[in-house]
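Q: Next comes work17.cif, mmCIF, C-alpha atoms:
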```
data_my_file
#
loop_
_atom_site.label_atom_id
_atom_site.label_comp_id
_atom_site.auth_asym_id
_atom_site.auth_seq_id
_atom_site.Cartn_x
_atom_site.Cartn_y
_atom_site.Cartn_z
CA MET T 1 -61.59 -23.73 -38.85
CA LYS T 2 -60.03 -25.10 -35.66
CA VAL T 3 -56.38 -26.02 -35.20
CA ALA T 4 -54.47 -28.26 -32.78
CA ILE T 5 -50.76 -27.47 -32.62
CA SER T 6 -48.05 -29.09 -30.51
CA SER T 7 -44.29 -28.89 -30.06
CA GLY T 8 -42.15 -31.91 -30.84
CA HIS T 9 -40.54 -34.08 -28.13
CA GLY T 10 -40.95 -32.95 -24.52
CA LYS T 11 -39.58 -31.45 -21.33
CA TYR T 12 -37.86 -34.72 -20.42
CA ILE T 13 -37.60 -36.24 -23.93
CA ARG T 14 -35.28 -33.78 -25.56
CA GLY T 15 -34.90 -33.37 -29.29
CA ALA T 16 -31.93 -32.17 -31.30
CA ALA T 17 -29.64 -29.61 -29.72
CA ASP T 18 -26.64 -27.70 -31.03
CA ILE T 19 -26.67 -23.98 -31.80
CA LEU T 20 -30.42 -24.09 -31.13
CA ASP T 21 -32.34 -26.37 -28.78
CA GLU T 22 -35.22 -28.04 -30.64
CA VAL T 23 -37.61 -28.36 -27.71
CA ASP T 24 -37.13 -24.80 -26.45
CA GLU T 25 -37.46 -23.23 -29.89
CA ALA T 26 -40.40 -25.38 -31.01
CA ARG T 27 -42.33 -24.25 -27.93
CA LYS T 28 -41.63 -20.62 -28.75
CA VAL T 29 -42.87 -21.08 -32.31
CA VAL T 30 -45.99 -22.99 -31.25
CA ASN T 31 -46.95 -20.37 -28.65
CA GLU T 32 -46.45 -17.46 -31.04
CA VAL T 33 -48.31 -19.13 -33.91
CA ALA T 34 -51.21 -20.05 -31.62
CA THR T 35 -51.42 -16.47 -30.35
CA LEU T 36 -51.52 -15.12 -33.91
CA LEU T 37 -54.21 -17.61 -34.94
CA ASN T 38 -56.40 -17.05 -31.88
CA ASP T 39 -56.07 -13.26 -32.19
CA ASN T 40 -57.22 -13.52 -35.80
CA GLY T 41 -60.30 -15.61 -35.16
CA VAL T 42 -58.92 -19.11 -35.68
CA PRO T 43 -59.50 -21.18 -32.50
CA THR T 44 -56.23 -22.93 -31.74
CA ALA T 45 -55.36 -25.38 -28.96
CA VAL T 46 -51.76 -25.84 -27.79
CA PHE T 47 -49.92 -28.79 -26.26
CA HIS T 48 -46.43 -29.24 -24.81
CA ASP T 49 -45.48 -32.53 -23.20
CA ASP T 50 -44.13 -31.83 -19.71
CA VAL T 51 -44.76 -35.33 -18.34
CA SER T 52 -43.44 -38.19 -20.51
CA THR T 53 -40.16 -39.87 -19.62
CA THR T 54 -39.82 -42.30 -22.55
CA GLN T 55 -39.99 -41.77 -26.30
CA SER T 56 -42.96 -44.11 -26.80
CA GLU T 57 -44.88 -42.42 -24.00
CA ASN T 58 -44.07 -39.03 -25.52
CA LEU T 59 -45.28 -39.98 -28.99
CA ASN T 60 -48.45 -41.59 -27.68
CA ARG T 61 -49.23 -38.65 -25.42
CA ILE T 62 -48.88 -36.13 -28.25
CA VAL T 63 -50.98 -38.17 -30.70
CA ASN T 64 -53.66 -38.92 -28.09
CA TRP T 65 -53.91 -35.23 -27.18
CA HIS T 66 -54.44 -34.28 -30.81
CA ASN T 67 -57.08 -36.95 -31.35
CA ALA T 68 -58.94 -35.73 -28.27
CA GLN T 69 -59.35 -32.23 -29.74
CA THR T 70 -62.15 -30.96 -31.93
CA ARG T 71 -60.15 -29.58 -34.85
CA ASP T 72 -59.73 -29.48 -38.61
CA LEU T 73 -55.94 -29.58 -38.80
CA ASP T 74 -53.12 -31.08 -36.72
CA VAL T 75 -49.75 -29.34 -36.72
CA SER T 76 -46.52 -30.47 -35.08
CA VAL T 77 -43.51 -28.14 -34.88
CA HIS T 78 -39.97 -29.53 -34.92
CA PHE T 79 -36.46 -28.42 -35.80
CA ASN T 80 -34.15 -30.45 -38.03
CA ALA T 81 -30.56 -31.64 -37.55
CA TYR T 82 -27.80 -33.10 -39.71
CA GLU T 83 -24.26 -32.04 -38.79
CA HIS T 84 -22.66 -28.92 -37.36
CA THR T 85 -22.06 -26.46 -40.19
CA SER T 86 -21.82 -22.78 -40.97
CA LYS T 87 -23.77 -23.29 -44.21
CA PRO T 88 -27.50 -22.70 -44.72
CA MET T 89 -29.62 -25.86 -44.77
CA GLY T 90 -33.25 -24.75 -44.91
CA THR T 91 -36.83 -25.43 -43.96
CA GLU T 92 -39.15 -28.26 -44.95
CA CYS T 93 -42.57 -29.65 -44.10
CA LEU T 94 -43.45 -33.34 -43.80
CA TYR T 95 -46.73 -34.94 -44.78
CA VAL T 96 -48.57 -38.17 -45.55
CA THR T 97 -51.75 -36.80 -47.17
CA GLN T 98 -51.29 -33.01 -47.19
CA GLU T 99 -48.76 -32.55 -49.98
CA GLU T 100 -50.11 -29.23 -51.23
CA LEU T 101 -50.26 -27.69 -47.76
CA ALA T 102 -46.76 -28.96 -46.93
CA ASP T 103 -45.32 -27.44 -50.11
CA LYS T 104 -47.05 -24.13 -49.37
CA MET T 105 -45.78 -24.14 -45.80
CA ALA T 106 -42.13 -24.66 -46.72
CA GLN T 107 -42.39 -22.05 -49.46
CA ALA T 108 -44.04 -19.53 -47.12
CA ILE T 109 -41.46 -19.93 -44.36
CA ALA T 110 -38.61 -19.66 -46.86
CA GLY T 111 -40.13 -16.64 -48.57
CA ALA T 112 -40.73 -14.84 -45.28
CA SER T 113 -37.31 -15.49 -43.79
CA GLY T 114 -34.67 -16.21 -46.42
CA LEU T 115 -34.25 -19.82 -45.32
CA ILE T 116 -33.67 -22.30 -48.15
CA ASP T 117 -36.91 -23.92 -49.31
CA ARG T 118 -36.45 -27.69 -49.11
CA GLY T 119 -40.11 -28.22 -49.96
CA GLY T 120 -42.74 -30.63 -48.77
CA LYS T 121 -41.51 -34.16 -48.12
CA TYR T 122 -43.57 -37.35 -47.93
CA ARG T 123 -42.88 -39.38 -44.78
CA SER T 124 -44.79 -42.56 -43.99
CA ASP T 125 -42.72 -43.54 -40.93
CA LEU T 126 -43.66 -40.89 -38.36
CA ALA T 127 -45.99 -41.61 -35.45
CA PHE T 128 -47.54 -38.15 -35.47
CA LEU T 129 -48.49 -38.18 -39.15
CA ASN T 130 -49.69 -41.80 -39.02
CA GLY T 131 -51.53 -41.59 -35.70
CA THR T 132 -53.55 -38.38 -35.96
CA HIS T 133 -57.04 -38.73 -37.41
CA GLU T 134 -57.36 -35.33 -39.10
CA PRO T 135 -55.22 -33.79 -41.86
CA ALA T 136 -51.74 -33.24 -40.44
CA ILE T 137 -48.39 -31.64 -41.22
CA LEU T 138 -45.08 -31.67 -39.37
CA ILE T 139 -42.99 -28.51 -39.78
CA GLU T 140 -39.19 -28.67 -39.62
CA VAL T 141 -38.53 -24.95 -39.13
CA CYS T 142 -34.76 -25.02 -39.74
CA PHE T 143 -31.61 -26.92 -38.76
CA VAL T 144 -30.42 -26.55 -35.17
CA ASP T 145 -26.83 -27.31 -36.17
CA SER T 146 -26.57 -24.76 -39.02
CA GLN T 147 -25.15 -21.41 -37.93
CA ALA T 148 -26.65 -19.74 -41.00
CA ASP T 149 -30.10 -21.18 -40.27
CA ALA T 150 -29.89 -20.23 -36.60
CA ASP T 151 -28.95 -16.64 -37.46
CA ILE T 152 -31.83 -16.34 -39.94
CA TYR T 153 -34.31 -17.94 -37.54
CA ARG T 154 -33.41 -15.61 -34.68
CA ALA T 155 -33.51 -12.53 -36.87
CA GLN T 156 -36.75 -13.46 -38.68
CA PHE T 157 -38.66 -15.23 -35.89
CA ASP T 158 -41.73 -12.99 -36.18
CA PHE T 159 -41.89 -13.33 -39.96
CA ILE T 160 -41.58 -17.12 -39.70
CA CYS T 161 -44.41 -17.40 -37.20
CA GLU T 162 -46.62 -15.10 -39.25
CA ALA T 163 -45.94 -17.17 -42.37
CA ILE T 164 -46.93 -20.36 -40.54
CA ALA T 165 -50.12 -18.78 -39.20
CA GLU T 166 -51.06 -17.33 -42.59
CA THR T 167 -50.50 -20.63 -44.38
CA ILE T 168 -52.59 -22.54 -41.84
CA SER T 169 -55.46 -20.05 -41.82
CA GLY T 170 -55.39 -18.70 -45.35
CA ARG T 171 -55.67 -15.21 -43.83
CA ALA T 172 -53.34 -12.22 -43.92
CA ILE T 173 -51.72 -11.87 -40.50
CA GLY T 174 -49.21 -9.37 -39.15
CA ASP T 175 -48.23 -5.80 -39.73
CA ASP T 176 -47.50 -4.30 -43.13
CA ARG T 177 -43.78 -4.59 -42.61
CA PRO T 178 -41.27 -4.58 -45.45
CA PRO T 179 -40.04 -8.05 -46.49
CA PRO T 180 -36.93 -9.19 -44.63
CA GLU T 181 -33.56 -8.61 -46.19
CA ARG T 182 -31.92 -11.77 -47.45
CA PRO T 183 -28.86 -12.55 -45.29
CA GLU T 184 -25.54 -12.40 -47.08
CA GLY T 185 -24.56 -15.73 -48.62
CA VAL T 186 -28.11 -17.16 -48.49
CA TYR T 187 -29.89 -17.57 -51.81
CA PRO T 188 -33.51 -18.55 -52.49
CA VAL T 189 -34.07 -21.87 -54.20
CA LEU T 190 -35.18 -21.54 -57.81
CA ARG T 191 -37.23 -24.32 -59.41
CA GLU T 192 -37.97 -24.20 -63.13
CA SER T 193 -39.30 -26.67 -65.67
CA GLY T 194 -39.50 -26.57 -69.43
CA LYS T 195 -37.69 -27.35 -72.67
CA CYS T 196 -33.93 -27.39 -73.09
CA SER T 197 -31.21 -27.61 -75.73
CA TRP T 198 -27.43 -27.96 -75.64
CA PHE T 199 -24.68 -25.37 -76.00
CA GLY T 200 -20.94 -24.83 -75.77
CA GLY T 201 -17.85 -26.69 -76.85
CA PRO T 202 -15.98 -27.04 -80.12
CA GLU T 203 -19.05 -28.28 -82.06
CA ASP T 204 -21.35 -25.40 -81.12
CA GLU T 205 -21.32 -23.36 -84.31
CA GLY T 206 -24.24 -21.32 -83.01
CA VAL T 207 -21.75 -19.18 -81.11
CA ALA T 208 -18.92 -17.15 -82.64
CA PRO T 209 -15.37 -18.50 -82.36
CA ASP T 210 -14.47 -15.57 -80.10
CA GLU T 211 -17.65 -15.55 -77.99
CA GLY T 212 -17.18 -15.44 -74.22
CA LEU T 213 -19.38 -16.34 -71.26
CA ALA T 214 -21.61 -14.08 -69.21
CA PHE T 215 -19.94 -14.34 -65.80
CA ILE T 216 -16.78 -16.42 -66.29
CA TYR T 217 -14.11 -14.36 -67.99
CA GLU T 218 -10.95 -16.43 -67.62
CA TYR T 219 -10.05 -20.11 -67.86
CA GLN T 220 -8.43 -19.96 -64.41
CA THR T 221 -11.71 -18.96 -62.76
CA ALA T 222 -13.33 -22.35 -63.44
CA PRO T 223 -10.83 -24.73 -65.08
CA TYR T 224 -13.11 -27.69 -64.30
CA LEU T 225 -15.50 -26.43 -67.01
CA PHE T 226 -13.04 -26.24 -69.87
CA LEU T 227 -10.94 -28.26 -72.26
CA PRO T 228 -7.22 -28.16 -71.43
CA GLN T 229 -6.45 -26.45 -74.74
CA GLN T 230 -8.33 -23.86 -76.77
CA PRO T 231 -9.89 -25.56 -79.84
CA PRO T 232 -8.18 -24.61 -83.10
CA GLY T 233 -9.65 -21.60 -84.85
CA THR T 234 -11.35 -20.27 -81.70
CA THR T 235 -10.45 -17.79 -78.96
CA GLY T 236 -13.62 -17.54 -76.84
CA LEU T 237 -14.45 -19.51 -73.69
CA ALA T 238 -17.86 -20.62 -75.01
CA ARG T 239 -16.21 -22.88 -77.58
CA ARG T 240 -13.64 -24.07 -75.03
CA LEU T 241 -16.28 -25.52 -72.69
CA ASP T 242 -15.77 -29.26 -72.24
CA PRO T 243 -18.95 -30.87 -73.65
CA GLU T 244 -18.47 -33.90 -71.36
CA VAL T 245 -18.69 -31.76 -68.21
CA ASN T 246 -22.11 -31.20 -66.62
CA TYR T 247 -22.84 -27.49 -67.03
CA PHE T 248 -25.85 -25.34 -67.83
CA ALA T 249 -27.05 -21.86 -68.77
CA LEU T 250 -30.11 -20.20 -67.24
CA ARG T 251 -31.62 -16.73 -67.42
CA PHE T 252 -30.30 -15.76 -64.01
CA ASP T 253 -31.50 -12.65 -62.18
CA TYR T 254 -28.17 -11.16 -61.15
CA ALA T 255 -29.87 -9.14 -58.41
CA VAL T 256 -30.71 -12.45 -56.72
CA TYR T 257 -27.83 -14.62 -57.94
CA PRO T 258 -24.81 -12.32 -58.40
CA LYS T 259 -22.21 -13.09 -61.04
CA GLU T 260 -19.59 -13.61 -58.34
CA MET T 261 -21.75 -16.28 -56.72
CA LEU T 262 -22.38 -18.06 -60.03
CA ALA T 263 -18.67 -18.16 -60.88
CA SER T 264 -17.52 -19.14 -57.38
CA GLY T 265 -17.64 -22.92 -57.85
CA HIS T 266 -19.57 -23.27 -54.59
CA TYR T 267 -23.00 -23.83 -56.11
CA MET T 268 -24.53 -26.28 -58.57
CA ALA T 269 -27.98 -27.18 -59.87
CA VAL T 270 -29.82 -30.49 -59.86
CA ILE T 271 -31.19 -31.15 -63.34
CA MET T 272 -33.76 -33.90 -63.81
CA ALA T 273 -35.32 -35.37 -66.94
CA PRO T 274 -38.95 -36.40 -66.17
CA SER T 275 -39.05 -38.67 -69.21
CA THR T 276 -36.19 -40.87 -67.95
CA GLY T 277 -36.20 -40.14 -64.21
CA ARG T 278 -32.47 -39.43 -64.32
CA GLN T 279 -30.96 -36.48 -62.49
CA TYR T 280 -27.46 -35.06 -62.14
CA ARG T 281 -25.71 -32.04 -60.75
CA ALA T 282 -24.37 -29.35 -63.09
CA TRP T 283 -22.28 -26.18 -62.85
CA PRO T 284 -23.59 -22.74 -63.85
CA ALA T 285 -21.62 -21.63 -66.92
CA ASP T 286 -23.54 -18.92 -68.78
CA TRP T 287 -26.69 -16.80 -69.05
CA GLY T 288 -29.33 -17.96 -71.51
CA PRO T 289 -31.02 -19.16 -73.61
CA ASN T 290 -32.77 -16.27 -75.32
CA GLU T 291 -36.40 -16.17 -74.23
CA ALA T 292 -37.51 -16.25 -77.88
CA THR T 293 -36.35 -19.87 -78.12
CA GLY T 294 -39.14 -20.99 -75.79
CA ARG T 295 -36.59 -22.92 -73.74
CA ILE T 296 -35.78 -22.38 -70.07
CA CYS T 297 -32.28 -23.84 -70.01
CA ASP T 298 -29.33 -24.96 -72.11
CA ILE T 299 -27.08 -27.80 -70.97
CA SER T 300 -23.91 -29.51 -72.13
CA GLN T 301 -23.98 -32.20 -74.81
CA GLY T 302 -22.65 -34.75 -72.34
CA LEU T 303 -25.34 -34.00 -69.78
CA MET T 304 -28.05 -34.25 -72.43
CA THR T 305 -26.75 -37.69 -73.42
CA THR T 306 -26.49 -38.82 -69.81
CA LEU T 307 -30.03 -37.68 -69.04
CA GLY T 308 -31.21 -39.66 -72.08
CA ILE T 309 -32.95 -36.70 -73.71
CA GLU T 310 -32.80 -34.62 -76.90
CA THR T 311 -33.28 -30.98 -77.86
CA ASP T 312 -36.69 -29.60 -76.81
CA ASP T 313 -37.28 -32.36 -74.28
CA ASP T 314 -38.40 -31.22 -70.83
CA ILE T 315 -36.19 -30.90 -67.78
CA GLU T 316 -36.67 -29.75 -64.20
CA ILE T 317 -33.94 -27.65 -62.60
CA THR T 318 -33.36 -26.81 -58.93
CA PHE T 319 -30.76 -24.17 -58.09
CA PRO T 320 -28.68 -23.70 -55.97
CA VAL T 321 -27.34 -26.69 -54.10
CA HIS T 322 -23.93 -26.63 -52.43
CA ALA T 323 -21.23 -28.12 -54.62
CA ASP T 324 -19.38 -29.66 -51.69
CA ARG T 325 -22.28 -31.77 -50.44
CA PRO T 326 -22.32 -35.47 -51.36
CA ALA T 327 -22.55 -35.64 -55.14
CA LEU T 328 -25.07 -37.59 -57.13
CA PRO T 329 -23.73 -40.65 -58.94
CA GLU T 330 -21.21 -39.73 -61.58
CA ARG T 331 -22.01 -40.10 -65.25
CA PRO T 332 -20.73 -43.43 -66.58
CA VAL T 333 -17.70 -43.03 -68.85
CA ASP T 334 -15.93 -45.47 -71.08
CA LYS T 335 -12.35 -46.16 -70.07
CA PRO T 336 -10.41 -47.04 -73.19
CA THR T 337 -7.30 -49.16 -72.90
CA ILE T 338 -4.31 -47.48 -74.50
CA THR T 339 -1.13 -49.39 -75.20
CA ILE T 340 2.04 -47.34 -75.02
CA ASN T 341 5.23 -48.96 -76.26
CA VAL T 342 8.06 -48.15 -73.88
CA SER T 343 10.38 -50.68 -75.48
CA ALA T 344 10.33 -52.84 -78.58
CA ASP T 345 8.80 -55.89 -76.93
CA GLN T 346 7.32 -54.81 -73.55
CA PRO T 347 4.05 -52.83 -73.73
CA VAL T 348 2.49 -51.18 -70.66
CA VAL T 349 -1.32 -50.89 -70.29
CA VAL T 350 -2.68 -47.58 -68.99
CA GLU T 351 -6.32 -46.92 -67.97
CA HIS T 352 -7.11 -43.37 -69.04
CA VAL T 353 -10.23 -41.53 -67.78
CA PRO T 354 -11.17 -38.80 -70.29
CA GLY T 355 -10.34 -35.38 -68.88
CA GLU T 356 -7.34 -36.53 -66.84
CA ASN T 357 -3.76 -36.00 -67.90
CA VAL T 358 -1.57 -39.04 -68.35
CA GLU T 359 2.18 -38.74 -68.04
CA THR T 360 4.46 -41.32 -69.58
#
```
Have the structure of the file written as structure tokens, please.
A:
Amino acid sequence: MKVAISSGHGKYIRGAADILDEVDEARKVVNEVATLLNDNGVPTAVFHDDVSTTQSENLNRIVNWHNAQTRDLDVSVHFNAYEHTSKPMGTECLYVTQEELADKMAQAIAGASGLIDRGGKYRSDLAFLNGTHEPAILIEVCFVDSQADADIYRAQFDFICEAIAETISGRAIGDDRPPPERPEGVYPVLRESGKCSWFGGPEDEGVAPDEGLAFIYEYQTAPYLFLPQQPPGTTGLARRLDPEVNYFALRFDYAVYPKEMLASGHYMAVIMAPSTGRQYRAWPADWGPNEATGRICDISQGLMTTLGIETDDDIEITFPVHADRPALPERPVDKPTITINVSADQPVVVEHVPGENVET
């Protein structure tokens, strides 16, 4: 196997810059990965553009260099950008034809470093991926404008480069070092798929009237999950869950996802129904279901209806995503018209959205 690897952009055609500088860091990664590959018997050629002065010249020069090499794989190293933030954003790998390799690359970098795994992403609009003649991937190591990503990248640089080299070569590379500690406040992305059912709310007679929840102990902790009043004949929070709110239960590993994190209101999951193609965000609300059910997840009645599925249908769940990022489209709700007589002959019309309080 022979590899051609290059850094994105160039000496005079700068990339993204914030906490990290894309060009400077991409060159460091490329040089270290190439050294690891060459030292482990994988011939690897390296290119950095120190000449181009326009973007088109830069793109053409990089692609032409790759196509002039004798190689089996083309790799381009970049760093991502979105907006300045203290929050973790993650790593991803772009592809046109190499979906499996791209997925493995993102997973390997995330697993080695603690960066969020954003997965492989198909991109048909990039000159590098379209112009190179051999199988190609474009690595977006992390976000230059995320303080959390920058801290992880700097601390885990060696592990990241080893993960890239191992994924490219299929060979074990590096010392037998212990896995890196996950930085505080950074959680690995969990992806699960399988059957689901619904739980919670006044109609769930499968739970006792006084049954609580696994990591939310008081209404005040997460009032957005609950009905304003405790349903008659019940005292537990499980039966007070609002069935029209998007929530879910999963068999969480508390060593990875602590109870405090799950109850914080800062994290949600994306739940998708393959049969309908619909997906929505949902709040963690409980631990479950029991493994004996053969299901991976329980969700609210409202979410099940919105997804267009029934008990024992399949879902795909990705957790966590930040709750304060732009939300997916809200579930459609009917807005009944309620007439309230404020005098004998003059009614007033009020639009009431379920879940909101209306004062008269």
Q: Between T:Glu316, T:Thr35, T:Lys87, T:Asp49, which residue has the minimum interatomic distance to Gln147 of chain T, considering all atoms listed in the file?
A: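 Nearest to Gln147 of chain T: T:Lys87.
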Q: Could you list the residues chosen by the PyMOL selection byres ((chain T and resi 196) around 12) in this structure as a PyMOL selection string?
A: chain T and resi 192-195+197-199+248-250+271-273+288-291+293-301+303-304+307+309-317
Q: I'd like to see the residues matched by the PyMOL selection byres ((chain T and resi 252-259) around 12) on this file, and ideally I'd get them as a ChimeraX atom specification.
A: /T:114,181-192,213-217,248-251,260-265,267,284-291,296-297,319-320
Q: Please dump the current selection as a PDB file, keeping the file's coordinate frame; keep C-alpha atoms.
A:
```pdb
ATOM      1  CA  GLY T 114     -34.670 -16.210 -46.420  1.00  0.00           C
ATOM      2  CA  GLU T 181     -33.560  -8.610 -46.190  1.00  0.00           C
ATOM      3  CA  ARG T 182     -31.920 -11.770 -47.450  1.00  0.00           C
ATOM      4  CA  PRO T 183     -28.860 -12.550 -45.290  1.00  0.00           C
ATOM      5  CA  GLU T 184     -25.540 -12.400 -47.080  1.00  0.00           C
ATOM      6  CA  GLY T 185     -24.560 -15.730 -48.620  1.00  0.00           C
ATOM      7  CA  VAL T 186     -28.110 -17.160 -48.490  1.00  0.00           C
ATOM      8  CA  TYR T 187     -29.890 -17.570 -51.810  1.00  0.00           C
ATOM      9  CA  PRO T 188     -33.510 -18.550 -52.490  1.00  0.00           C
ATOM     10  CA  VAL T 189     -34.070 -21.870 -54.200  1.00  0.00           C
ATOM     11  CA  LEU T 190     -35.180 -21.540 -57.810  1.00  0.00           C
ATOM     12  CA  ARG T 191     -37.230 -24.320 -59.410  1.00  0.00           C
ATOM     13  CA  GLU T 192     -37.970 -24.200 -63.130  1.00  0.00           C
ATOM     14  CA  LEU T 213     -19.380 -16.340 -71.260  1.00  0.00           C
ATOM     15  CA  ALA T 214     -21.610 -14.080 -69.210  1.00  0.00           C
ATOM     16  CA  PHE T 215     -19.940 -14.340 -65.800  1.00  0.00           C
ATOM     17  CA  ILE T 216     -16.780 -16.420 -66.290  1.00  0.00           C
ATOM     18  CA  TYR T 217     -14.110 -14.360 -67.990  1.00  0.00           C
ATOM     19  CA  PHE T 248     -25.850 -25.340 -67.830  1.00  0.00           C
ATOM     20  CA  ALA T 249     -27.050 -21.860 -68.770  1.00  0.00           C
ATOM     21  CA  LEU T 250     -30.110 -20.200 -67.240  1.00  0.00           C
ATOM     22  CA  ARG T 251     -31.620 -16.730 -67.420  1.00  0.00           C
ATOM     23  CA  GLU T 260     -19.590 -13.610 -58.340  1.00  0.00           C
ATOM     24  CA  MET T 261     -21.750 -16.280 -56.720  1.00  0.00           C
ATOM     25  CA  LEU T 262     -22.380 -18.060 -60.030  1.00  0.00           C
ATOM     26  CA  ALA T 263     -18.670 -18.160 -60.880  1.00  0.00           C
ATOM     27  CA  SER T 264     -17.520 -19.140 -57.380  1.00  0.00           C
ATOM     28  CA  GLY T 265     -17.640 -22.920 -57.850  1.00  0.00           C
ATOM     29  CA  TYR T 267     -23.000 -23.830 -56.110  1.00  0.00           C
ATOM     30  CA  PRO T 284     -23.590 -22.740 -63.850  1.00  0.00           C
ATOM     31  CA  ALA T 285     -21.620 -21.630 -66.920  1.00  0.00           C
ATOM     32  CA  ASP T 286     -23.540 -18.920 -68.780  1.00  0.00           C
ATOM     33  CA  TRP T 287     -26.690 -16.800 -69.050  1.00  0.00           C
ATOM     34  CA  GLY T 288     -29.330 -17.960 -71.510  1.00  0.00           C
ATOM     35  CA  PRO T 289     -31.020 -19.160 -73.610  1.00  0.00           C
ATOM     36  CA  ASN T 290     -32.770 -16.270 -75.320  1.00  0.00           C
ATOM     37  CA  GLU T 291     -36.400 -16.170 -74.230  1.00  0.00           C
ATOM     38  CA  ILE T 296     -35.780 -22.380 -70.070  1.00  0.00           C
ATOM     39  CA  CYS T 297     -32.280 -23.840 -70.010  1.00  0.00           C
ATOM     40  CA  PHE T 319     -30.760 -24.170 -58.090  1.00  0.00           C
ATOM     41  CA  PRO T 320     -28.680 -23.700 -55.970  1.00  0.00           C
TER      42      PRO T 320
END
```
Q: Taking into account all atoms listed in the file, which residue in the set T:Val51, T:Ala165, T:Lys28, T:Glu92 is nearest to Val3 of chain T?
A: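 Nearest to Val3 of chain T: T:Ala165.
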Q: Take the PyMOL selection byres ((chain T and resi 168) around 9), run it mentally on this structure, and tell me the resulting residues as an NGL selection string.
A: :T and (3 or 37 or 73 or 75 or 101 or 105 or 163-167 or 169-171)
Q: May I ask which of the residues T:Ile62, T:Ala102, T:Ala68, T:Leu241 is the closest one to Glu211 of chain T, counting only C-alpha atoms?
A: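 Of T:Ile62, T:Ala102, T:Ala68, T:Leu241, the one nearest Glu211 of chain T, counting only C-alpha atoms, is T:Leu241.
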Q: To one decimal place in Å, what is the distance between atom CA of Thr221 of chain T and atom CA of Leu115 of chain T?
A: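 Taking atom CA of Thr221 of chain T and atom CA of Leu115 of chain T, their separation equals 28.5 Å.
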Q: What's around Met1 of chain T at 8 Å? Count all atoms listed in the file, leave out sequence neighbours fewer than 6 positions away in its own chain, and write the answer as a list of chain:residue names.
A: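 That gives T:Val42, T:Pro43, T:Arg71, T:Asp72, T:Ser169.
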Q: Using only C-alpha atoms, which of T:Asp158, T:Glu203, T:Asp50, T:Glu25 sits nearest Ile109 of chain T?
A: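 Counting only C-alpha atoms, the residue closest to Ile109 of chain T is T:Asp158.
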Q: Expressed in Å to a single decimal, how great is the separation between atom CA of Pro135 of chain T and atom CA of Gln55 of chain T?
A: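 Atom CA of Pro135 of chain T sits 23.2 Å away from atom CA of Gln55 of chain T.
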Q: Here is a test: counting only C-alpha atoms, which residue of T:Phe157, T:Asp117, T:Ala136, T:Lys11 is nearest to Thr54 of chain T?
A: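 Result for the nearest residue to Thr54 of chain T: T:Lys11.
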Q: Which distance in Å separates atom CA of His9 of chain T and atom CA of Asp103 of chain T, to one decimal?
A: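 These two atoms are separated by 23.5 Å.
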Q: Counting all atoms listed in the file, figure out which residue out of T:Leu94, T:Val29, T:Ala106, T:Ile116 gets nearest to Glu162 of chain T.
A: T:Val29
Q: Output as a PDB file, keeping the file's coordinate frame: segment 47-58 of chain T, completed with N, CA and C atoms.
A:
```
ATOM      1  N   PHE T  47     -50.382 -27.743 -27.174  1.00  0.00           N
ATOM      2  CA  PHE T  47     -49.920 -28.790 -26.260  1.00  0.00           C
ATOM      3  C   PHE T  47     -48.408 -28.865 -26.259  1.00  0.00           C
ATOM      4  N   HIS T  48     -47.841 -28.935 -25.030  1.00  0.00           N
ATOM      5  CA  HIS T  48     -46.430 -29.240 -24.810  1.00  0.00           C
ATOM      6  C   HIS T  48     -46.375 -30.389 -23.805  1.00  0.00           C
ATOM      7  N   ASP T  49     -45.572 -31.372 -24.094  1.00  0.00           N
ATOM      8  CA  ASP T  49     -45.480 -32.530 -23.200  1.00  0.00           C
ATOM      9  C   ASP T  49     -44.470 -32.255 -22.083  1.00  0.00           C
ATOM     10  N   ASP T  50     -44.979 -32.064 -20.885  1.00  0.00           N
ATOM     11  CA  ASP T  50     -44.130 -31.830 -19.710  1.00  0.00           C
ATOM     12  C   ASP T  50     -44.087 -33.035 -18.779  1.00  0.00           C
ATOM     13  N   VAL T  51     -44.571 -34.185 -19.237  1.00  0.00           N
ATOM     14  CA  VAL T  51     -44.760 -35.330 -18.340  1.00  0.00           C
ATOM     15  C   VAL T  51     -43.950 -36.556 -18.767  1.00  0.00           C
ATOM     16  N   SER T  52     -43.993 -36.908 -20.043  1.00  0.00           N
ATOM     17  CA  SER T  52     -43.440 -38.190 -20.510  1.00  0.00           C
ATOM     18  C   SER T  52     -41.958 -38.327 -20.199  1.00  0.00           C
ATOM     19  N   THR T  53     -41.573 -39.577 -19.921  1.00  0.00           N
ATOM     20  CA  THR T  53     -40.160 -39.870 -19.620  1.00  0.00           C
ATOM     21  C   THR T  53     -39.552 -40.887 -20.588  1.00  0.00           C
ATOM     22  N   THR T  54     -40.351 -41.405 -21.520  1.00  0.00           N
ATOM     23  CA  THR T  54     -39.820 -42.300 -22.550  1.00  0.00           C
ATOM     24  C   THR T  54     -40.324 -41.822 -23.910  1.00  0.00           C
ATOM     25  N   GLN T  55     -39.608 -42.212 -24.957  1.00  0.00           N
ATOM     26  CA  GLN T  55     -39.990 -41.770 -26.300  1.00  0.00           C
ATOM     27  C   GLN T  55     -41.363 -42.285 -26.697  1.00  0.00           C
ATOM     28  N   SER T  56     -41.655 -43.552 -26.425  1.00  0.00           N
ATOM     29  CA  SER T  56     -42.960 -44.110 -26.800  1.00  0.00           C
ATOM     30  C   SER T  56     -44.083 -43.413 -26.049  1.00  0.00           C
ATOM     31  N   GLU T  57     -43.861 -43.136 -24.772  1.00  0.00           N
ATOM     32  CA  GLU T  57     -44.880 -42.420 -24.000  1.00  0.00           C
ATOM     33  C   GLU T  57     -45.085 -41.022 -24.571  1.00  0.00           C
ATOM     34  N   ASN T  58     -44.003 -40.378 -24.950  1.00  0.00           N
ATOM     35  CA  ASN T  58     -44.070 -39.030 -25.520  1.00  0.00           C
ATOM     36  C   ASN T  58     -44.868 -39.016 -26.819  1.00  0.00           C
TER      37      ASN T  58
END
```
